[in-house]
file target-v1.pdb (PDB, C-alpha atoms)
MODEL        1
ATOM      1  CA  MET A   1      -2.518 -15.156  11.076
ATOM      2  CA  THR A   2      -5.797 -15.803   9.285
ATOM      3  CA  THR A   3      -5.835 -17.962   6.155
ATOM      4  CA  ARG A   4      -8.407 -19.244   3.707
ATOM      5  CA  ASN A   5      -6.651 -21.155   0.938
ATOM      6  CA  GLN A   6      -3.555 -23.281   0.467
ATOM      7  CA  PRO A   7      -1.334 -20.934  -1.549
ATOM      8  CA  SER A   8       0.621 -21.674  -4.684
ATOM      9  CA  ALA A   9       4.244 -20.542  -4.698
ATOM     10  CA  PRO A  10       4.623 -17.005  -6.069
ATOM     11  CA  LEU A  11       7.259 -15.707  -8.441
ATOM     12  CA  ALA A  12       6.672 -12.120  -7.336
ATOM     13  CA  ILE A  13       5.149 -10.217  -4.427
ATOM     14  CA  LEU A  14       3.488  -6.905  -5.219
ATOM     15  CA  PHE A  15       2.876  -4.355  -2.490
ATOM     16  CA  ASP A  16       0.762  -1.318  -1.830
ATOM     17  CA  LEU A  17       2.949   1.579  -0.637
ATOM     18  CA  ASP A  18       1.331   3.735   2.062
ATOM     19  CA  GLY A  19       0.510   1.648   5.112
ATOM     20  CA  THR A  20       1.991  -1.534   3.670
ATOM     21  CA  LEU A  21       5.661  -0.991   2.918
ATOM     22  CA  ALA A  22       6.008   2.539   4.246
ATOM     23  CA  ASP A  23       4.710   4.452   7.240
ATOM     24  CA  THR A  24       4.003   7.715   5.415
ATOM     25  CA  ALA A  25       1.268   8.951   7.761
ATOM     26  CA  PRO A  26       3.527  11.409   9.663
ATOM     27  CA  ASP A  27       4.303  13.472   6.553
ATOM     28  CA  LEU A  28       0.753  13.252   5.227
ATOM     29  CA  ALA A  29      -0.560  14.455   8.593
ATOM     30  CA  ALA A  30       1.949  17.302   8.670
ATOM     31  CA  ALA A  31       0.830  18.438   5.210
ATOM     32  CA  VAL A  32      -2.839  18.602   6.151
ATOM     33  CA  ASN A  33      -2.152  20.281   9.484
ATOM     34  CA  LEU A  34      -0.245  23.013   7.642
ATOM     35  CA  LEU A  35      -3.570  23.744   5.935
ATOM     36  CA  ARG A  36      -5.310  24.023   9.273
ATOM     37  CA  GLU A  37      -2.561  26.249  10.645
ATOM     38  CA  ALA A  38      -2.839  28.545   7.614
ATOM     39  CA  ARG A  39      -6.537  28.909   8.388
ATOM     40  CA  GLY A  40      -5.998  29.657  12.061
ATOM     41  CA  LEU A  41      -7.178  26.230  13.191
ATOM     42  CA  ASP A  42      -5.653  23.891  15.747
ATOM     43  CA  ALA A  43      -3.899  20.795  14.452
ATOM     44  CA  THR A  44      -5.988  17.669  14.059
ATOM     45  CA  PRO A  45      -4.638  15.044  16.506
ATOM     46  CA  TYR A  46      -2.378  12.533  14.800
ATOM     47  CA  PRO A  47      -4.321   9.474  16.071
ATOM     48  CA  LEU A  48      -7.350  10.730  14.125
ATOM     49  CA  LEU A  49      -5.356  11.207  10.919
ATOM     50  CA  ARG A  50      -3.202   8.087  10.880
ATOM     51  CA  PRO A  51      -5.942   5.513  10.078
ATOM     52  CA  THR A  52      -6.952   7.486   6.972
ATOM     53  CA  ALA A  53      -3.458   7.765   5.484
ATOM     54  CA  SER A  54      -3.961   5.024   2.883
ATOM     55  CA  ALA A  55      -6.772   7.089   1.384
ATOM     56  CA  GLY A  56      -4.382   9.967   0.607
ATOM     57  CA  ALA A  57      -5.852  13.429   0.128
ATOM     58  CA  ARG A  58      -9.408  12.143   0.415
ATOM     59  CA  GLY A  59      -8.689  10.556   3.775
ATOM     60  CA  MET A  60      -6.590  13.358   5.203
ATOM     61  CA  ILE A  61      -8.952  16.166   4.195
ATOM     62  CA  GLY A  62     -11.961  14.181   5.335
ATOM     63  CA  ALA A  63     -10.444  13.627   8.766
ATOM     64  CA  ALA A  64      -9.046  17.145   9.185
ATOM     65  CA  PHE A  65     -11.877  19.207   7.674
ATOM     66  CA  GLY A  66     -14.880  16.891   7.434
ATOM     67  CA  ILE A  67     -15.168  17.585   3.702
ATOM     68  CA  ALA A  68     -15.749  14.901   1.054
ATOM     69  CA  PRO A  69     -14.552  15.083  -2.582
ATOM     70  CA  GLU A  70     -17.992  15.957  -3.901
ATOM     71  CA  GLU A  71     -18.415  18.938  -1.550
ATOM     72  CA  ALA A  72     -17.652  22.589  -2.216
ATOM     73  CA  GLY A  73     -14.154  23.635  -1.221
ATOM     74  CA  TYR A  74     -12.642  20.170  -1.462
ATOM     75  CA  ASP A  75     -10.661  20.763  -4.660
ATOM     76  CA  GLU A  76      -8.966  23.849  -3.234
ATOM     77  CA  LEU A  77      -8.002  22.003  -0.059
ATOM     78  CA  ARG A  78      -6.779  19.002  -2.038
ATOM     79  CA  ASP A  79      -4.526  21.085  -4.263
ATOM     80  CA  ALA A  80      -3.051  22.957  -1.292
ATOM     81  CA  PHE A  81      -2.567  19.712   0.635
ATOM     82  CA  LEU A  82      -0.749  18.065  -2.269
ATOM     83  CA  ALA A  83       1.475  21.120  -2.723
ATOM     84  CA  ASN A  84       2.425  20.945   0.958
ATOM     85  CA  TYR A  85       3.077  17.231   0.763
ATOM     86  CA  GLU A  86       5.208  17.427  -2.379
ATOM     87  CA  THR A  87       7.705  19.689  -0.625
ATOM     88  CA  ALA A  88       8.157  17.293   2.339
ATOM     89  CA  LEU A  89       7.617  13.700   1.174
ATOM     90  CA  ALA A  90      10.068  11.874   3.398
ATOM     91  CA  VAL A  91      10.820  14.008   6.433
ATOM     92  CA  ARG A  92       9.465  11.467   8.910
ATOM     93  CA  SER A  93       8.264   8.697   6.599
ATOM     94  CA  SER A  94      10.088   5.374   6.788
ATOM     95  CA  LEU A  95       9.715   1.700   6.023
ATOM     96  CA  PHE A  96       7.799  -0.281   8.611
ATOM     97  CA  ASP A  97       9.875  -2.385  10.992
ATOM     98  CA  GLY A  98      10.630  -5.700   9.334
ATOM     99  CA  VAL A  99      10.078  -4.492   5.757
ATOM    100  CA  PRO A 100      13.779  -4.229   4.787
ATOM    101  CA  ALA A 101      14.372  -7.793   6.016
ATOM    102  CA  LEU A 102      11.231  -8.934   4.184
ATOM    103  CA  LEU A 103      12.417  -7.476   0.887
ATOM    104  CA  ASP A 104      15.928  -8.867   1.359
ATOM    105  CA  GLY A 105      14.392 -12.257   2.090
ATOM    106  CA  LEU A 106      12.347 -12.199  -1.100
ATOM    107  CA  VAL A 107      15.452 -11.428  -3.141
ATOM    108  CA  GLU A 108      17.307 -14.281  -1.433
ATOM    109  CA  LEU A 109      14.480 -16.592  -2.492
ATOM    110  CA  GLY A 110      14.863 -15.426  -6.077
ATOM    111  CA  LEU A 111      11.513 -13.647  -6.124
ATOM    112  CA  ALA A 112      10.745 -10.314  -7.730
ATOM    113  CA  TRP A 113       8.869  -7.589  -5.864
ATOM    114  CA  GLY A 114       7.162  -4.401  -6.924
ATOM    115  CA  VAL A 115       5.017  -1.488  -5.809
ATOM    116  CA  VAL A 116       1.438  -0.800  -6.939
ATOM    117  CA  THR A 117      -0.015   2.310  -5.323
ATOM    118  CA  ASN A 118      -2.775   4.821  -5.930
ATOM    119  CA  LYS A 119      -0.364   7.635  -5.061
ATOM    120  CA  ALA A 120       0.342   9.790  -8.134
ATOM    121  CA  ALA A 121       3.692   9.317  -9.845
ATOM    122  CA  ARG A 122       4.838  12.852  -8.956
ATOM    123  CA  PHE A 123       4.945  11.656  -5.347
ATOM    124  CA  THR A 124       5.689   7.951  -5.792
ATOM    125  CA  ASP A 125       8.762   8.260  -7.977
ATOM    126  CA  PRO A 126      10.814  10.491  -5.651
ATOM    127  CA  LEU A 127       9.498   8.817  -2.497
ATOM    128  CA  VAL A 128      10.502   5.235  -3.327
ATOM    129  CA  GLY A 129      14.112   6.291  -3.792
ATOM    130  CA  GLN A 130      14.219   8.374  -0.642
ATOM    131  CA  ILE A 131      12.896   5.672   1.704
ATOM    132  CA  GLY A 132      14.810   2.656   0.424
ATOM    133  CA  LEU A 133      12.575   1.087  -2.194
ATOM    134  CA  GLY A 134      14.779   1.713  -5.197
ATOM    135  CA  GLY A 135      15.189  -2.024  -5.779
ATOM    136  CA  ALA A 136      11.576  -2.526  -6.845
ATOM    137  CA  GLY A 137      11.199  -4.518 -10.033
ATOM    138  CA  CYS A 138       8.329  -2.253 -11.076
ATOM    139  CA  VAL A 139       6.539   0.789  -9.685
ATOM    140  CA  ILE A 140       2.949   1.417 -10.763
ATOM    141  CA  SER A 141       1.369   4.663  -9.586
ATOM    142  CA  GLY A 142      -2.234   5.755  -9.405
ATOM    143  CA  ASP A 143      -1.970   7.633 -12.686
ATOM    144  CA  THR A 144       0.116   5.054 -14.579
ATOM    145  CA  MET A 145      -3.001   3.442 -16.003
ATOM    146  CA  ALA A 146      -6.401   4.816 -16.967
ATOM    147  CA  HIS A 147      -7.872   3.227 -13.837
ATOM    148  CA  ALA A 148      -6.566   3.023 -10.271
ATOM    149  CA  LYS A 149      -7.304   0.402  -7.607
ATOM    150  CA  PRO A 150      -9.744  -1.230  -6.919
ATOM    151  CA  HIS A 151      -9.640  -1.731 -10.695
ATOM    152  CA  PRO A 152      -7.238  -4.593 -11.528
ATOM    153  CA  ALA A 153      -5.482  -2.733 -14.361
ATOM    154  CA  PRO A 154      -2.518  -1.476 -12.268
ATOM    155  CA  LEU A 155      -1.841  -4.972 -10.913
ATOM    156  CA  LEU A 156      -2.110  -6.542 -14.346
ATOM    157  CA  GLU A 157       0.358  -3.971 -15.673
ATOM    158  CA  ALA A 158       2.779  -4.757 -12.835
ATOM    159  CA  ALA A 159       2.660  -8.456 -13.694
ATOM    160  CA  ARG A 160       3.194  -7.643 -17.370
ATOM    161  CA  ARG A 161       6.259  -5.522 -16.593
ATOM    162  CA  LEU A 162       7.703  -8.349 -14.513
ATOM    163  CA  GLY A 163       7.057 -10.794 -17.349
ATOM    164  CA  LEU A 164       4.724 -12.911 -15.218
ATOM    165  CA  ALA A 165       1.161 -14.147 -15.344
ATOM    166  CA  PRO A 166      -1.079 -12.506 -12.722
ATOM    167  CA  GLU A 167      -1.612 -15.819 -10.934
ATOM    168  CA  GLN A 168       2.142 -16.023 -10.342
ATOM    169  CA  CYS A 169       1.950 -12.893  -8.189
ATOM    170  CA  TRP A 170       0.655 -12.162  -4.695
ATOM    171  CA  TYR A 171      -0.665  -8.727  -3.764
ATOM    172  CA  VAL A 172      -0.259  -7.270  -0.272
ATOM    173  CA  GLY A 173      -2.155  -4.227   0.999
ATOM    174  CA  ASP A 174      -3.745  -2.534   3.970
ATOM    175  CA  ASP A 175      -6.975  -1.303   2.400
ATOM    176  CA  LEU A 176     -10.136  -3.012   1.157
ATOM    177  CA  ARG A 177      -9.555  -1.715  -2.369
ATOM    178  CA  ASP A 178      -6.179  -3.481  -2.400
ATOM    179  CA  ILE A 179      -7.836  -6.810  -1.752
ATOM    180  CA  GLN A 180     -10.588  -6.080  -4.283
ATOM    181  CA  ALA A 181      -7.997  -5.214  -6.936
ATOM    182  CA  GLY A 182      -5.913  -8.285  -6.182
ATOM    183  CA  ARG A 183      -8.883 -10.623  -6.400
ATOM    184  CA  ALA A 184     -10.045  -9.015  -9.652
ATOM    185  CA  ALA A 185      -6.550  -9.486 -11.100
ATOM    186  CA  GLY A 186      -6.532 -13.179 -10.190
ATOM    187  CA  MET A 187      -3.780 -12.842  -7.578
ATOM    188  CA  LEU A 188      -3.562 -14.333  -4.102
ATOM    189  CA  THR A 189      -4.266 -11.491  -1.666
ATOM    190  CA  VAL A 190      -2.718 -10.668   1.693
ATOM    191  CA  ALA A 191      -4.190  -8.068   4.047
ATOM    192  CA  CYS A 192      -1.518  -6.602   6.300
ATOM    193  CA  ALA A 193      -2.802  -5.827   9.786
ATOM    194  CA  TRP A 194       0.379  -3.854  10.527
ATOM    195  CA  GLY A 195      -0.865  -1.101   8.200
ATOM    196  CA  TYR A 196      -3.454   1.631   8.584
ATOM    197  CA  CYS A 197      -6.505  -0.436   7.548
ATOM    198  CA  GLY A 198      -8.793   2.615   7.570
ATOM    199  CA  ALA A 199     -12.137   2.483   9.309
ATOM    200  CA  THR A 200     -13.048  -1.051   8.282
ATOM    201  CA  GLU A 201     -12.112  -4.368   9.832
ATOM    202  CA  PRO A 202      -9.654  -6.305   7.638
ATOM    203  CA  HIS A 203     -11.211  -9.602   8.705
ATOM    204  CA  SER A 204     -14.196  -8.573   6.563
ATOM    205  CA  TRP A 205     -12.196  -8.027   3.358
ATOM    206  CA  ASP A 206     -12.156 -11.675   2.247
ATOM    207  CA  ALA A 207      -8.393 -11.704   1.703
ATOM    208  CA  ASP A 208      -6.695 -15.060   1.319
ATOM    209  CA  TYR A 209      -4.443 -14.196   4.268
ATOM    210  CA  LEU A 210      -4.487 -11.661   7.079
ATOM    211  CA  LEU A 211      -1.019 -11.264   8.595
ATOM    212  CA  ASP A 212       0.174  -9.226  11.561
ATOM    213  CA  THR A 213       3.812  -8.554  10.634
ATOM    214  CA  PRO A 214       6.190  -8.444   7.664
ATOM    215  CA  GLN A 215       8.053 -11.307   9.315
ATOM    216  CA  ALA A 216       4.909 -13.441   9.126
ATOM    217  CA  LEU A 217       4.635 -12.707   5.409
ATOM    218  CA  LEU A 218       8.238 -13.723   4.774
ATOM    219  CA  ALA A 219       7.701 -16.935   6.752
ATOM    220  CA  LEU A 220       4.603 -17.737   4.697
ATOM    221  CA  VAL A 221       6.430 -17.129   1.420
ATOM    222  CA  ARG A 222       9.385 -19.244   2.518
ATOM    223  CA  ASP A 223       7.135 -22.111   3.585
ATOM    224  CA  THR A 224       5.187 -21.939   0.328
ATOM    225  CA  VAL A 225       8.306 -21.876  -1.841
ATOM    226  CA  ALA A 226       9.844 -24.725   0.169
ATOM    227  CA  GLY A 227       6.648 -26.736  -0.147
ATOM    228  CA  ALA A 228       6.605 -26.237  -3.892
ATOM    229  CA  GLY A 229      10.185 -27.440  -4.079
ATOM    230  CA  ARG A 230       9.363 -30.570  -2.098
ATOM    231  CA  GLY A 231       6.401 -31.197  -4.366
ATOM    232  CA  GLU A 232       8.574 -30.985  -7.479
ATOM    233  CA  LEU A 233      11.077 -33.448  -6.009
ATOM    234  CA  ALA A 234       8.294 -35.856  -5.088
ATOM    235  CA  ALA A 235       6.835 -35.646  -8.580
TER     236      ALA A 235
ENDMDL
END
call {"tool": "encode", "arguments": {"input": "target-v1.pdb", "output": "structure tokens"}}
result
Amino acid sequence: MTTRNQPSAPLAILFDLDGTLADTAPDLAAAVNLLREARGLDATPYPLLRPTASAGARGMIGAAFGIAPEEAGYDELRDAFLANYETALAVRSSLFDGVPALLDGLVELGLAWGVVTNKAARFTDPLVGQIGLGGAGCVISGDTMAHAKPHPAPLLEAARRLGLAPEQCWYVGDDLRDIQAGRAAGMLTVACAWGYCGATEPHSWDADYLLDTPQALLALVRDTVAGAGRGELAA
């Protein structure tokens, strides 16, 4: 565990979806490899695709075809990829080990939790119910607001829907833009090393915490909440 600041007790924990709460890389990889198969190409090895899963279509198409969003042919591939993915959102996707216990633990502590993702609502809304995230206090998708992460607007909207000030929330994610969005929103940020983390080193993201497991996050929250309680009694 890496830490920078002494945290204040949260009233809610907000999470990124892909690579943070849910291991969705298998279905994303299957969707992009269907594109390669349709074009007579061999499948891109899963270990090359998995680290890019948090970047969605941009990451998958970049890894499988070497094409960036500004290049010719990208839009066609993106649309076909998303069509493939929409038909098979949760075939092999699942919550990461330890996530169900983490969410149960937050509820036991009386804390709210929610999802803030850049995945479009047409995918997010059916997916959260299918993989066991139906208890979220709020779900903010990439097209809920005019701006997506790393802009803070989605996180600020999540706090508003929970009836909380941004500083009463923590944000947990596995991508640099998650940490950038959380900082911009005035939230304590947690980088989760159990996620995909892309091609960059999470130690360089300047998150308040870098944690290796969901269990470590729950332990941190418990300790922080307990410490706040002791402080109130002492006061």
call {"tool": "closest_atom_pairs", "arguments": {"input": "target-v1.pdb", "of": "range 166-188 of chain A", "to": "range 111-130 of chain A", "cutoff": "10 Å", "atoms": "all atoms listed in the file", "output": "CSV"}}
result
residue,atom,partner,partner_atom,distance
A:Cys169,CA,A:Trp113,CA,9.0
A:Trp170,CA,A:Trp113,CA,9.5
A:Tyr171,CA,A:Val116,CA,8.8
A:Val172,CA,A:Val116,CA,9.4
A:Gly173,CA,A:Thr117,CA,9.3
A:Asp178,CA,A:Thr117,CA,8.9
call {"tool": "resolve_selection", "arguments": {"input": "target-v1.pdb", "expression": "the PyMOL selection byres ((chain A and resi 182-192) around 6)", "output": "CSV table (one decimal) with C-alpha atoms, in the coordinates of the input"}}
result
chain,number,residue,atom,x,y,z
A,152,PRO,CA,-7.2,-4.6,-11.5
A,166,PRO,CA,-1.1,-12.5,-12.7
A,167,GLU,CA,-1.6,-15.8,-10.9
A,169,CYS,CA,2.0,-12.9,-8.2
A,170,TRP,CA,0.7,-12.2,-4.7
A,171,TYR,CA,-0.7,-8.7,-3.8
A,172,VAL,CA,-0.3,-7.3,-0.3
A,173,GLY,CA,-2.2,-4.2,1.0
A,174,ASP,CA,-3.7,-2.5,4.0
A,179,ILE,CA,-7.8,-6.8,-1.8
A,180,GLN,CA,-10.6,-6.1,-4.3
A,181,ALA,CA,-8.0,-5.2,-6.9
A,193,ALA,CA,-2.8,-5.8,9.8
A,194,TRP,CA,0.4,-3.9,10.5
A,195,GLY,CA,-0.9,-1.1,8.2
A,207,ALA,CA,-8.4,-11.7,1.7
A,208,ASP,CA,-6.7,-15.1,1.3
A,209,TYR,CA,-4.4,-14.2,4.3
A,210,LEU,CA,-4.5,-11.7,7.1
A,211,LEU,CA,-1.0,-11.3,8.6
call {"tool": "closest_atom_pairs", "arguments": {"input": "target-v1.pdb", "of": "range 26-46 of chain A", "to": "range 65-69 of chain A", "cutoff": "12 Å", "atoms": "only C-alpha atoms", "output": "CSV"}}
result
residue,atom,partner,partner_atom,distance
A:Val32,CA,A:Phe65,CA,9.2
A:Asn33,CA,A:Phe65,CA,10.0
A:Leu35,CA,A:Phe65,CA,9.6
A:Arg36,CA,A:Phe65,CA,8.3
A:Arg39,CA,A:Phe65,CA,11.1
A:Leu41,CA,A:Phe65,CA,10.1
A:Asp42,CA,A:Phe65,CA,11.2
A:Ala43,CA,A:Phe65,CA,10.6
A:Thr44,CA,A:Phe65,CA,8.8
call {"tool": "closest_residue", "arguments": {"input": "target-v1.pdb", "among": "A:Pro100, A:Gly135, A:Pro202, A:Gly105", "to": "Ala219 in chain A", "atoms": "all atoms listed in the file"}}
result
A:Gly105
call {"tool": "closest_residue", "arguments": {"input": "target-v1.pdb", "among": "A:Leu106, A:Trp205, A:Thr20, A:Lys149", "to": "Leu220 in chain A", "atoms": "only C-alpha atoms"}}
result
A:Leu106
call {"tool": "closest_residue", "arguments": {"input": "target-v1.pdb", "among": "A:Gly198, A:Gly229, A:Gly98, A:Gly73", "to": "Leu48 in chain A", "atoms": "only C-alpha atoms"}}
result
A:Gly198
call {"tool": "closest_residue", "arguments": {"input": "target-v1.pdb", "among": "A:Asp16, A:Asp175, A:Asp27, A:Glu108", "to": "Met60 in chain A", "atoms": "only C-alpha atoms"}}
result
A:Asp27
call {"tool": "closest_residue", "arguments": {"input": "target-v1.pdb", "among": "A:Pro154, A:Pro10, A:Gly40, A:Pro214", "to": "Val139 in chain A", "atoms": "only C-alpha atoms"}}
result
A:Pro154
call {"tool": "closest_residue", "arguments": {"input": "target-v1.pdb", "among": "A:Ala57, A:Leu14, A:Ala30, A:Leu89", "to": "Ala159 in chain A", "atoms": "all atoms listed in the file"}}
result
A:Leu14
call {"tool": "atom_distance", "arguments": {"input": "target-v1.pdb", "atom1": "CA of His151 in chain A", "atom2": "CA of Ala80 in chain A"}}
result
27.2 Å
call {"tool": "decode", "arguments": {"input": "target-v1.pdb", "residues": "range 166-222 of chain A", "atoms": "C-alpha atoms", "output": "compact mmCIF listing (two decimals), in the first residue's frame"}}
result
# COMPACT_ATOMS: atom_id res chain seq x y z
CA PRO A 166 -17.48 16.11 -3.20
CA GLU A 167 -14.99 16.15 -0.33
CA GLN A 168 -17.15 13.60 1.49
CA CYS A 169 -16.48 11.09 -1.30
CA TRP A 170 -13.48 8.99 -2.30
CA TYR A 171 -12.92 7.95 -5.91
CA VAL A 172 -11.30 4.64 -6.84
CA GLY A 173 -10.01 3.81 -10.32
CA ASP A 174 -7.42 1.96 -12.35
CA ASP A 175 -6.56 4.61 -14.92
CA LEU A 176 -4.70 7.93 -14.80
CA ARG A 177 -7.80 9.81 -15.93
CA ASP A 178 -9.67 8.44 -12.90
CA ILE A 179 -7.15 9.99 -10.56
CA GLN A 180 -7.11 13.25 -12.54
CA ALA A 181 -10.91 13.45 -12.38
CA GLY A 182 -10.99 12.67 -8.68
CA ARG A 183 -8.41 15.31 -7.84
CA ALA A 184 -10.21 17.89 -9.98
CA ALA A 185 -13.46 17.10 -8.16
CA GLY A 186 -11.83 17.60 -4.76
CA MET A 187 -12.11 13.94 -3.74
CA LEU A 188 -9.54 11.69 -2.09
CA THR A 189 -8.25 9.37 -4.81
CA VAL A 190 -7.33 5.69 -4.70
CA ALA A 191 -5.49 3.95 -7.53
CA CYS A 192 -6.27 0.24 -7.59
CA ALA A 193 -3.30 -1.88 -8.63
CA TRP A 194 -5.58 -4.91 -9.01
CA GLY A 195 -7.03 -3.33 -12.17
CA TYR A 196 -5.75 -3.00 -15.71
CA CYS A 197 -3.73 0.21 -15.20
CA GLY A 198 -2.99 0.54 -18.93
CA ALA A 199 0.52 1.22 -20.13
CA THR A 200 1.48 3.66 -17.38
CA GLU A 201 2.79 3.02 -13.89
CA PRO A 202 0.18 3.86 -11.23
CA HIS A 203 2.90 5.03 -8.85
CA SER A 204 3.27 8.03 -11.17
CA TRP A 205 -0.39 9.09 -11.01
CA ASP A 206 -0.12 11.08 -7.76
CA ALA A 207 -3.09 9.31 -6.17
CA ASP A 208 -3.57 9.69 -2.44
CA TYR A 209 -3.43 5.90 -2.09
CA LEU A 210 -2.26 3.01 -4.23
CA LEU A 211 -3.78 -0.27 -3.03
CA ASP A 212 -3.23 -3.83 -4.19
CA THR A 213 -6.56 -5.47 -3.30
CA PRO A 214 -10.21 -4.66 -2.57
CA GLN A 215 -9.60 -6.06 0.91
CA ALA A 216 -6.94 -3.40 1.49
CA LEU A 217 -9.41 -0.70 0.49
CA LEU A 218 -12.05 -1.99 2.90
CA ALA A 219 -9.46 -2.12 5.69
CA LEU A 220 -8.44 1.47 4.97
CA VAL A 221 -12.04 2.67 5.01
CA ARG A 222 -12.77 0.81 8.24
